Amino acid sequence: MVNSYLTVKKTAFYELIEKKSKFIGYIKPIDRQEEAIDFINEMKINNWSARHNVYAYVVRENNTCKYSDDREPQGTAGAPILSIIKQNNLKNVVIVVARYFGGILLGRSGLVRAYSDAASGAINCAGIIKKYLCYDCSIFCDYNQYGKLLNIIKKYSGVVDSADFERDVRLKFHLQVGEFLNLSKKIADFSAGTLNCKILGENFYDF
């Protein structure tokens, strides 16, 4: 399994004018194909008066990638957007570019350039991040162990998601899978084997 991938940080948009045609590139990070389809449909509704709503997306799950030219000449719109996504090595991302026609034909090369620039601009506005495969973990400790345990988790680049203070302290945190064994050993040494770190599941996180 791949332990990391590149995606975008946030939903964003970028607008450009090319020979009186307005191109608006919308981008969103996603986790599933259904999210991509929902975003595409939402942008089509929001840009109902646009001449074209072109899209492309790449999803890690099943290595899925799709695009649509939405009535632009074949190969001039959706494919260039998908190419920009792949050139940036992005996964789990969807881009929709709405074109408001300005009355001047751009030709094939002009369309490819405009759609590519709109996609690139949207990516730059959203920002590229790297996500790492992590374990979601849970551990119980005494109150007098809490501070030391917190420092150990941070030492191995773990991120605390929650802390519940009841009879004992329950910490939930995540860290990269490659650090788990080292963390577990350090916790065992610190607690003389009395503390046990439990893996709850796996998820991707950026740091």
# chains A, B, ... in the order shown; residues from 1 in each chain; ligands from 1
>>> select_by_dssp(residues="region 35-175 of chain A", states="helix (DSSP H, G or I)", output="VMD selection string")
chain A and resid 35 to 46 61 to 63 78 to 87 107 to 126 143 to 155
>>> residues_around(residues="region 134-149 of chain A", least_positions_apart="4", cutoff="8 Å", atoms="only C-alpha atoms", output="JSON, numbers by chain")
{"A": [153, 168, 169, 170, 171, 172, 173, 174, 175, 176, 177, 180, 187, 195, 196, 197, 198, 199, 200, 201, 202, 203, 204, 205]}
>>> write_last_selection(atoms="C-alpha atoms", output="tab-separated table (two decimals), in the first residue's frame")
chain	number	residue	atom	x	y	z
A	153	ILE	CA	3.67	11.17	21.36
A	168	ASP	CA	-7.96	7.95	34.00
A	169	VAL	CA	-6.84	10.01	31.02
A	170	ARG	CA	-7.77	8.66	27.61
A	171	LEU	CA	-5.80	10.04	24.69
A	172	LYS	CA	-6.74	9.60	21.08
A	173	PHE	CA	-4.07	10.49	18.55
A	174	HIS	CA	-2.71	9.66	15.12
A	175	LEU	CA	0.79	9.14	13.80
A	176	GLN	CA	2.48	7.78	10.70
A	177	VAL	CA	2.41	3.99	10.51
A	180	PHE	CA	4.15	3.15	15.61
A	187	ILE	CA	5.92	3.93	25.90
A	195	LEU	CA	0.63	1.15	29.23
A	196	ASN	CA	-0.78	-0.32	26.03
A	197	CYS	CA	-1.34	1.68	22.84
A	198	LYS	CA	-4.32	0.39	20.83
A	199	ILE	CA	-4.75	0.85	17.07
A	200	LEU	CA	-8.31	1.92	16.22
A	201	GLY	CA	-7.95	2.17	12.46
A	202	GLU	CA	-6.13	3.81	9.56
A	203	ASN	CA	-6.57	7.18	7.87
A	204	PHE	CA	-4.59	9.66	5.80
A	205	TYR	CA	-3.56	12.96	7.43
>>> closest_residue(among="A:Lys155, A:Arg60, A:Lys66, A:Lys20", to="Arg99 (chain A)", atoms="only C-alpha atoms")
A:Lys20
>>> residues_around(residues="Val54 (chain A)", least_positions_apart="2", cutoff="9 Å", atoms="only C-alpha atoms", output="VMD selection string")
chain A and resid 40 52 56 67 to 72 77 to 78 81 95 to 99 115
>>> write_last_selection(atoms="N, CA and C atoms", output="mmCIF file, in the first residue's frame")
data_model
loop_
_atom_site.group_PDB
_atom_site.id
_atom_site.type_symbol
_atom_site.label_atom_id
_atom_site.label_comp_id
_atom_site.auth_asym_id
_atom_site.auth_seq_id
_atom_site.Cartn_x
_atom_site.Cartn_y
_atom_site.Cartn_z
ATOM 1 N N ILE A 40 -19.337 18.172 -8.955
ATOM 2 C CA ILE A 40 -19.564 18.503 -10.366
ATOM 3 C C ILE A 40 -21.000 18.977 -10.569
ATOM 4 N N HIS A 52 -20.223 25.918 -21.057
ATOM 5 C CA HIS A 52 -19.652 24.598 -20.809
ATOM 6 C C HIS A 52 -19.251 24.483 -19.336
ATOM 7 N N ALA A 56 -12.685 17.155 -14.571
ATOM 8 C CA ALA A 56 -11.809 15.986 -14.490
ATOM 9 C C ALA A 56 -11.566 15.695 -13.024
ATOM 10 N N TYR A 67 -13.007 12.287 -17.062
ATOM 11 C CA TYR A 67 -13.120 13.677 -17.485
ATOM 12 C C TYR A 67 -14.247 13.812 -18.499
ATOM 13 N N SER A 68 -14.671 15.055 -18.713
ATOM 14 C CA SER A 68 -15.698 15.361 -19.710
ATOM 15 C C SER A 68 -15.355 16.671 -20.395
ATOM 16 N N ASP A 69 -15.518 16.697 -21.721
ATOM 17 C CA ASP A 69 -15.317 17.934 -22.492
ATOM 18 C C ASP A 69 -16.576 18.797 -22.505
ATOM 19 N N ASP A 70 -17.706 18.226 -22.115
ATOM 20 C CA ASP A 70 -18.982 18.942 -22.082
ATOM 21 C C ASP A 70 -19.207 19.761 -23.361
ATOM 22 N N ARG A 71 -19.166 19.079 -24.464
ATOM 23 C CA ARG A 71 -19.479 19.644 -25.784
ATOM 24 C C ARG A 71 -18.400 20.549 -26.376
ATOM 25 N N GLU A 72 -17.291 20.713 -25.710
ATOM 26 C CA GLU A 72 -16.147 21.350 -26.354
ATOM 27 C C GLU A 72 -15.543 20.322 -27.326
ATOM 28 N N ALA A 77 -10.504 20.083 -23.637
ATOM 29 C CA ALA A 77 -10.975 20.637 -22.368
ATOM 30 C C ALA A 77 -10.747 19.686 -21.195
ATOM 31 N N GLY A 78 -11.536 18.616 -21.134
ATOM 32 C CA GLY A 78 -11.410 17.692 -20.007
ATOM 33 C C GLY A 78 -10.056 17.015 -19.923
ATOM 34 N N ILE A 81 -7.325 19.255 -18.514
ATOM 35 C CA ILE A 81 -7.471 19.410 -17.063
ATOM 36 C C ILE A 81 -6.940 18.176 -16.349
ATOM 37 N N ILE A 95 -11.715 18.860 -10.375
ATOM 38 C CA ILE A 95 -11.676 20.222 -10.925
ATOM 39 C C ILE A 95 -12.816 20.376 -11.925
ATOM 40 N N VAL A 96 -13.560 21.460 -11.784
ATOM 41 C CA VAL A 96 -14.591 21.835 -12.752
ATOM 42 C C VAL A 96 -14.239 23.212 -13.289
ATOM 43 N N VAL A 97 -14.232 23.356 -14.604
ATOM 44 C CA VAL A 97 -13.975 24.668 -15.209
ATOM 45 C C VAL A 97 -15.227 25.092 -15.979
ATOM 46 N N ALA A 98 -15.838 26.179 -15.525
ATOM 47 C CA ALA A 98 -17.011 26.740 -16.198
ATOM 48 C C ALA A 98 -16.545 27.784 -17.212
ATOM 49 N N ARG A 99 -17.050 27.671 -18.445
ATOM 50 C CA ARG A 99 -16.690 28.649 -19.481
ATOM 51 C C ARG A 99 -17.926 29.452 -19.878
ATOM 52 N N TYR A 115 -8.120 26.112 -20.664
ATOM 53 C CA TYR A 115 -8.566 25.140 -19.666
ATOM 54 C C TYR A 115 -7.411 24.676 -18.782
#
>>> select_by_dssp(residues="region 30-77 of chain A", states="strand (DSSP E or B)", output="MDAnalysis selection string")
chainID A and resid 52:59 64:68
>>> write_last_selection(atoms="C-alpha atoms", output="CSV table (one decimal), in the first residue's frame")
chain,number,residue,atom,x,y,z
A,52,HIS,CA,-19.7,24.6,-20.8
A,53,ASN,CA,-18.9,23.0,-17.4
A,54,VAL,CA,-15.9,20.8,-18.1
A,55,TYR,CA,-14.4,18.5,-15.4
A,56,ALA,CA,-11.8,16.0,-14.5
A,57,TYR,CA,-11.1,14.1,-11.3
A,58,VAL,CA,-8.7,11.5,-9.9
A,59,VAL,CA,-9.6,9.2,-7.0
A,64,THR,CA,-10.3,6.1,-10.8
A,65,CYS,CA,-9.9,9.0,-13.2
A,66,LYS,CA,-12.5,10.5,-15.5
A,67,TYR,CA,-13.1,13.7,-17.5
A,68,SER,CA,-15.7,15.4,-19.7
>>> atom_distance(atom1="CA of Gly102 (chain A)", atom2="CA of Glu18 (chain A)")
8.5 Å
>>> residues_around(residues="region 127-132 of chain A", least_positions_apart="6", cutoff="8 Å", atoms="only C-alpha atoms", output="PDB file with N, CA and C atoms, in the first residue's frame")
ATOM      1  N   ASN A   3       1.972   4.740   1.135  1.00  0.00           N
ATOM      2  CA  ASN A   3       1.834   5.357   2.449  1.00  0.00           C
ATOM      3  C   ASN A   3       1.658   6.869   2.411  1.00  0.00           C
ATOM      4  N   SER A   4       1.657   7.466   1.219  1.00  0.00           N
ATOM      5  CA  SER A   4       1.458   8.910   1.130  1.00  0.00           C
ATOM      6  C   SER A   4       0.975   9.278  -0.269  1.00  0.00           C
ATOM      7  N   TYR A   5       0.384  10.438  -0.369  1.00  0.00           N
ATOM      8  CA  TYR A   5      -0.024  10.949  -1.679  1.00  0.00           C
ATOM      9  C   TYR A   5      -0.189  12.462  -1.603  1.00  0.00           C
ATOM     10  N   LEU A   6      -0.170  13.102  -2.762  1.00  0.00           N
ATOM     11  CA  LEU A   6      -0.360  14.544  -2.856  1.00  0.00           C
ATOM     12  C   LEU A   6      -1.806  14.854  -3.211  1.00  0.00           C
ATOM     13  N   THR A   7      -2.337  15.899  -2.594  1.00  0.00           N
ATOM     14  CA  THR A   7      -3.666  16.381  -2.924  1.00  0.00           C
ATOM     15  C   THR A   7      -3.680  17.889  -2.687  1.00  0.00           C
ATOM     16  N   VAL A   8      -4.861  18.503  -2.695  1.00  0.00           N
ATOM     17  CA  VAL A   8      -4.938  19.943  -2.424  1.00  0.00           C
ATOM     18  C   VAL A   8      -5.479  20.174  -1.029  1.00  0.00           C
ATOM     19  N   LYS A   9      -5.136  21.311  -0.484  1.00  0.00           N
ATOM     20  CA  LYS A   9      -5.455  21.611   0.918  1.00  0.00           C
ATOM     21  C   LYS A   9      -6.914  21.977   1.127  1.00  0.00           C
ATOM     22  N   LYS A  10      -7.512  22.687   0.170  1.00  0.00           N
ATOM     23  CA  LYS A  10      -8.858  23.234   0.409  1.00  0.00           C
ATOM     24  C   LYS A  10      -9.589  23.447  -0.905  1.00  0.00           C
ATOM     25  N   GLN A 176       2.143   8.559  11.887  1.00  0.00           N
ATOM     26  CA  GLN A 176       2.477   7.782  10.695  1.00  0.00           C
ATOM     27  C   GLN A 176       2.749   6.325  11.069  1.00  0.00           C
ATOM     28  N   PHE A 204      -5.624   8.789   6.341  1.00  0.00           N
ATOM     29  CA  PHE A 204      -4.586   9.660   5.805  1.00  0.00           C
ATOM     30  C   PHE A 204      -4.730  11.054   6.420  1.00  0.00           C
ATOM     31  N   TYR A 205      -3.586  11.622   6.838  1.00  0.00           N
ATOM     32  CA  TYR A 205      -3.560  12.957   7.429  1.00  0.00           C
ATOM     33  C   TYR A 205      -2.383  13.740   6.847  1.00  0.00           C
ATOM     34  N   ASP A 206      -2.556  15.063   6.806  1.00  0.00           N
ATOM     35  CA  ASP A 206      -1.406  15.910   6.487  1.00  0.00           C
ATOM     36  C   ASP A 206      -0.815  16.433   7.787  1.00  0.00           C
ATOM     37  N   PHE A 207       0.459  16.822   7.732  1.00  0.00           N
ATOM     38  CA  PHE A 207       1.167  17.302   8.922  1.00  0.00           C
ATOM     39  C   PHE A 207       1.722  18.694   8.666  1.00  0.00           C
TER      40      PHE A 207
END
>>> closest_residue(among="A:Ala192, A:Met43, A:Ala118, A:Leu106", to="Glu15 (chain A)", atoms="only C-alpha atoms")
A:Ala118
>>> residues_around(residues="Ser120 (chain A)", least_positions_apart="3", cutoff="12 Å", atoms="only C-alpha atoms", output="number ranges by chain")
A: 8, 12-16, 23-27, 80-88, 90, 95-97, 113-117, 123-128
>>> atom_distance(atom1="CA of Asp161 (chain A)", atom2="CA of Glu61 (chain A)")
25.5 Å
>>> closest_residue(among="A:Leu105, A:Val2, A:Ala79, A:Ile152", to="Asn63 (chain A)", atoms="only C-alpha atoms")
A:Val2
>>> atom_distance(atom1="CA of Gln33 (chain A)", atom2="CA of Ala50 (chain A)")
23.9 Å
>>> closest_residue(among="A:Arg32, A:Asn151, A:Ile104, A:Thr76", to="Lys186 (chain A)", atoms="only C-alpha atoms")
A:Asn151
>>> decode(residues="region 5-128 of chain A", atoms="C-alpha atoms", output="mmCIF file, in the first residue's frame")
data_model
loop_
_atom_site.group_PDB
_atom_site.id
_atom_site.type_symbol
_atom_site.label_atom_id
_atom_site.label_comp_id
_atom_site.auth_asym_id
_atom_site.auth_seq_id
_atom_site.Cartn_x
_atom_site.Cartn_y
_atom_site.Cartn_z
ATOM 1 C CA TYR A 5 -0.024 10.949 -1.679
ATOM 2 C CA LEU A 6 -0.360 14.544 -2.856
ATOM 3 C CA THR A 7 -3.666 16.381 -2.924
ATOM 4 C CA VAL A 8 -4.938 19.943 -2.424
ATOM 5 C CA LYS A 9 -5.455 21.611 0.918
ATOM 6 C CA LYS A 10 -8.858 23.234 0.409
ATOM 7 C CA THR A 11 -11.680 24.086 -1.942
ATOM 8 C CA ALA A 12 -10.798 27.090 -4.104
ATOM 9 C CA PHE A 13 -11.412 28.779 -7.435
ATOM 10 C CA TYR A 14 -9.478 30.742 -10.035
ATOM 11 C CA GLU A 15 -10.814 32.991 -12.786
ATOM 12 C CA LEU A 16 -9.266 34.116 -16.054
ATOM 13 C CA ILE A 17 -10.403 35.922 -19.210
ATOM 14 C CA GLU A 18 -9.277 34.684 -22.615
ATOM 15 C CA LYS A 19 -10.528 36.659 -25.651
ATOM 16 C CA LYS A 20 -13.675 37.737 -23.795
ATOM 17 C CA SER A 21 -14.481 34.193 -22.626
ATOM 18 C CA LYS A 22 -14.460 33.785 -18.851
ATOM 19 C CA PHE A 23 -13.041 30.553 -17.438
ATOM 20 C CA ILE A 24 -13.618 29.780 -13.749
ATOM 21 C CA GLY A 25 -11.715 26.824 -12.344
ATOM 22 C CA TYR A 26 -13.168 25.240 -9.213
ATOM 23 C CA ILE A 27 -11.244 22.642 -7.231
ATOM 24 C CA LYS A 28 -11.997 20.474 -4.205
ATOM 25 C CA PRO A 29 -10.194 17.728 -2.252
ATOM 26 C CA ILE A 30 -12.282 14.539 -2.066
ATOM 27 C CA ASP A 31 -12.066 10.997 -0.723
ATOM 28 C CA ARG A 32 -14.585 9.141 -2.886
ATOM 29 C CA GLN A 33 -15.902 9.231 -6.427
ATOM 30 C CA GLU A 34 -19.379 10.100 -5.132
ATOM 31 C CA GLU A 35 -17.986 13.331 -3.678
ATOM 32 C CA ALA A 36 -16.521 14.254 -7.060
ATOM 33 C CA ILE A 37 -19.861 13.672 -8.786
ATOM 34 C CA ASP A 38 -21.725 15.722 -6.157
ATOM 35 C CA PHE A 39 -19.274 18.618 -6.569
ATOM 36 C CA ILE A 40 -19.564 18.503 -10.366
ATOM 37 C CA ASN A 41 -23.364 18.617 -10.154
ATOM 38 C CA GLU A 42 -23.223 21.467 -7.633
ATOM 39 C CA MET A 43 -20.952 23.526 -9.900
ATOM 40 C CA LYS A 44 -23.233 22.868 -12.880
ATOM 41 C CA ILE A 45 -26.165 24.230 -10.888
ATOM 42 C CA ASN A 46 -24.178 27.247 -9.664
ATOM 43 C CA ASN A 47 -22.980 27.943 -13.216
ATOM 44 C CA TRP A 48 -26.186 27.041 -15.041
ATOM 45 C CA SER A 49 -25.717 29.876 -17.547
ATOM 46 C CA ALA A 50 -22.180 28.838 -18.525
ATOM 47 C CA ARG A 51 -21.775 27.512 -22.075
ATOM 48 C CA HIS A 52 -19.652 24.598 -20.809
ATOM 49 C CA ASN A 53 -18.928 22.961 -17.444
ATOM 50 C CA VAL A 54 -15.869 20.822 -18.085
ATOM 51 C CA TYR A 55 -14.443 18.528 -15.418
ATOM 52 C CA ALA A 56 -11.809 15.986 -14.490
ATOM 53 C CA TYR A 57 -11.082 14.059 -11.322
ATOM 54 C CA VAL A 58 -8.717 11.463 -9.892
ATOM 55 C CA VAL A 59 -9.607 9.213 -6.959
ATOM 56 C CA ARG A 60 -7.109 6.925 -5.222
ATOM 57 C CA GLU A 61 -9.694 4.221 -4.640
ATOM 58 C CA ASN A 62 -9.513 1.804 -7.591
ATOM 59 C CA ASN A 63 -7.223 4.353 -9.287
ATOM 60 C CA THR A 64 -10.263 6.050 -10.849
ATOM 61 C CA CYS A 65 -9.901 8.996 -13.224
ATOM 62 C CA LYS A 66 -12.541 10.524 -15.470
ATOM 63 C CA TYR A 67 -13.120 13.677 -17.485
ATOM 64 C CA SER A 68 -15.698 15.361 -19.710
ATOM 65 C CA ASP A 69 -15.317 17.934 -22.492
ATOM 66 C CA ASP A 70 -18.982 18.942 -22.082
ATOM 67 C CA ARG A 71 -19.479 19.644 -25.784
ATOM 68 C CA GLU A 72 -16.147 21.350 -26.354
ATOM 69 C CA PRO A 73 -14.146 19.811 -29.242
ATOM 70 C CA GLN A 74 -12.841 16.406 -28.188
ATOM 71 C CA GLY A 75 -9.504 16.547 -26.377
ATOM 72 C CA THR A 76 -9.503 20.325 -25.867
ATOM 73 C CA ALA A 77 -10.975 20.637 -22.368
ATOM 74 C CA GLY A 78 -11.410 17.692 -20.007
ATOM 75 C CA ALA A 79 -8.259 15.883 -21.102
ATOM 76 C CA PRO A 80 -6.013 18.952 -20.564
ATOM 77 C CA ILE A 81 -7.471 19.410 -17.063
ATOM 78 C CA LEU A 82 -6.803 15.759 -16.252
ATOM 79 C CA SER A 83 -3.284 16.158 -17.621
ATOM 80 C CA ILE A 84 -2.647 19.096 -15.260
ATOM 81 C CA ILE A 85 -3.870 17.014 -12.314
ATOM 82 C CA LYS A 86 -1.537 14.173 -13.271
ATOM 83 C CA GLN A 87 1.421 16.491 -13.938
ATOM 84 C CA ASN A 88 1.102 17.656 -10.331
ATOM 85 C CA ASN A 89 0.834 14.015 -9.140
ATOM 86 C CA LEU A 90 -2.436 14.794 -7.377
ATOM 87 C CA LYS A 91 -4.920 12.256 -6.064
ATOM 88 C CA ASN A 92 -8.380 12.643 -4.529
ATOM 89 C CA VAL A 93 -9.114 15.871 -6.327
ATOM 90 C CA VAL A 94 -11.825 17.168 -8.666
ATOM 91 C CA ILE A 95 -11.676 20.222 -10.925
ATOM 92 C CA VAL A 96 -14.591 21.835 -12.752
ATOM 93 C CA VAL A 97 -13.975 24.668 -15.209
ATOM 94 C CA ALA A 98 -17.011 26.740 -16.198
ATOM 95 C CA ARG A 99 -16.690 28.649 -19.481
ATOM 96 C CA TYR A 100 -18.810 31.696 -20.188
ATOM 97 C CA PHE A 101 -18.487 32.179 -23.953
ATOM 98 C CA GLY A 102 -17.410 35.650 -25.017
ATOM 99 C CA GLY A 103 -18.254 35.386 -28.720
ATOM 100 C CA ILE A 104 -14.743 34.750 -30.051
ATOM 101 C CA LEU A 105 -13.639 31.246 -31.055
ATOM 102 C CA LEU A 106 -10.325 30.249 -29.465
ATOM 103 C CA GLY A 107 -9.359 27.323 -31.688
ATOM 104 C CA ARG A 108 -8.087 24.007 -30.373
ATOM 105 C CA SER A 109 -4.776 25.303 -29.035
ATOM 106 C CA GLY A 110 -6.466 28.289 -27.395
ATOM 107 C CA LEU A 111 -8.983 26.055 -25.643
ATOM 108 C CA VAL A 112 -6.301 23.662 -24.400
ATOM 109 C CA ARG A 113 -4.271 26.563 -23.040
ATOM 110 C CA ALA A 114 -7.251 28.269 -21.360
ATOM 111 C CA TYR A 115 -8.566 25.140 -19.666
ATOM 112 C CA SER A 116 -5.064 24.142 -18.598
ATOM 113 C CA ASP A 117 -4.384 27.597 -17.155
ATOM 114 C CA ALA A 118 -7.704 27.610 -15.284
ATOM 115 C CA ALA A 119 -6.906 24.207 -13.767
ATOM 116 C CA SER A 120 -3.353 25.222 -12.840
ATOM 117 C CA GLY A 121 -4.589 28.459 -11.291
ATOM 118 C CA ALA A 122 -7.153 26.592 -9.190
ATOM 119 C CA ILE A 123 -4.485 24.187 -7.946
ATOM 120 C CA ASN A 124 -2.216 27.081 -6.963
ATOM 121 C CA CYS A 125 -5.062 28.768 -5.083
ATOM 122 C CA ALA A 126 -5.960 25.566 -3.228
ATOM 123 C CA GLY A 127 -2.361 24.702 -2.309
ATOM 124 C CA ILE A 128 -0.742 21.278 -2.560
#
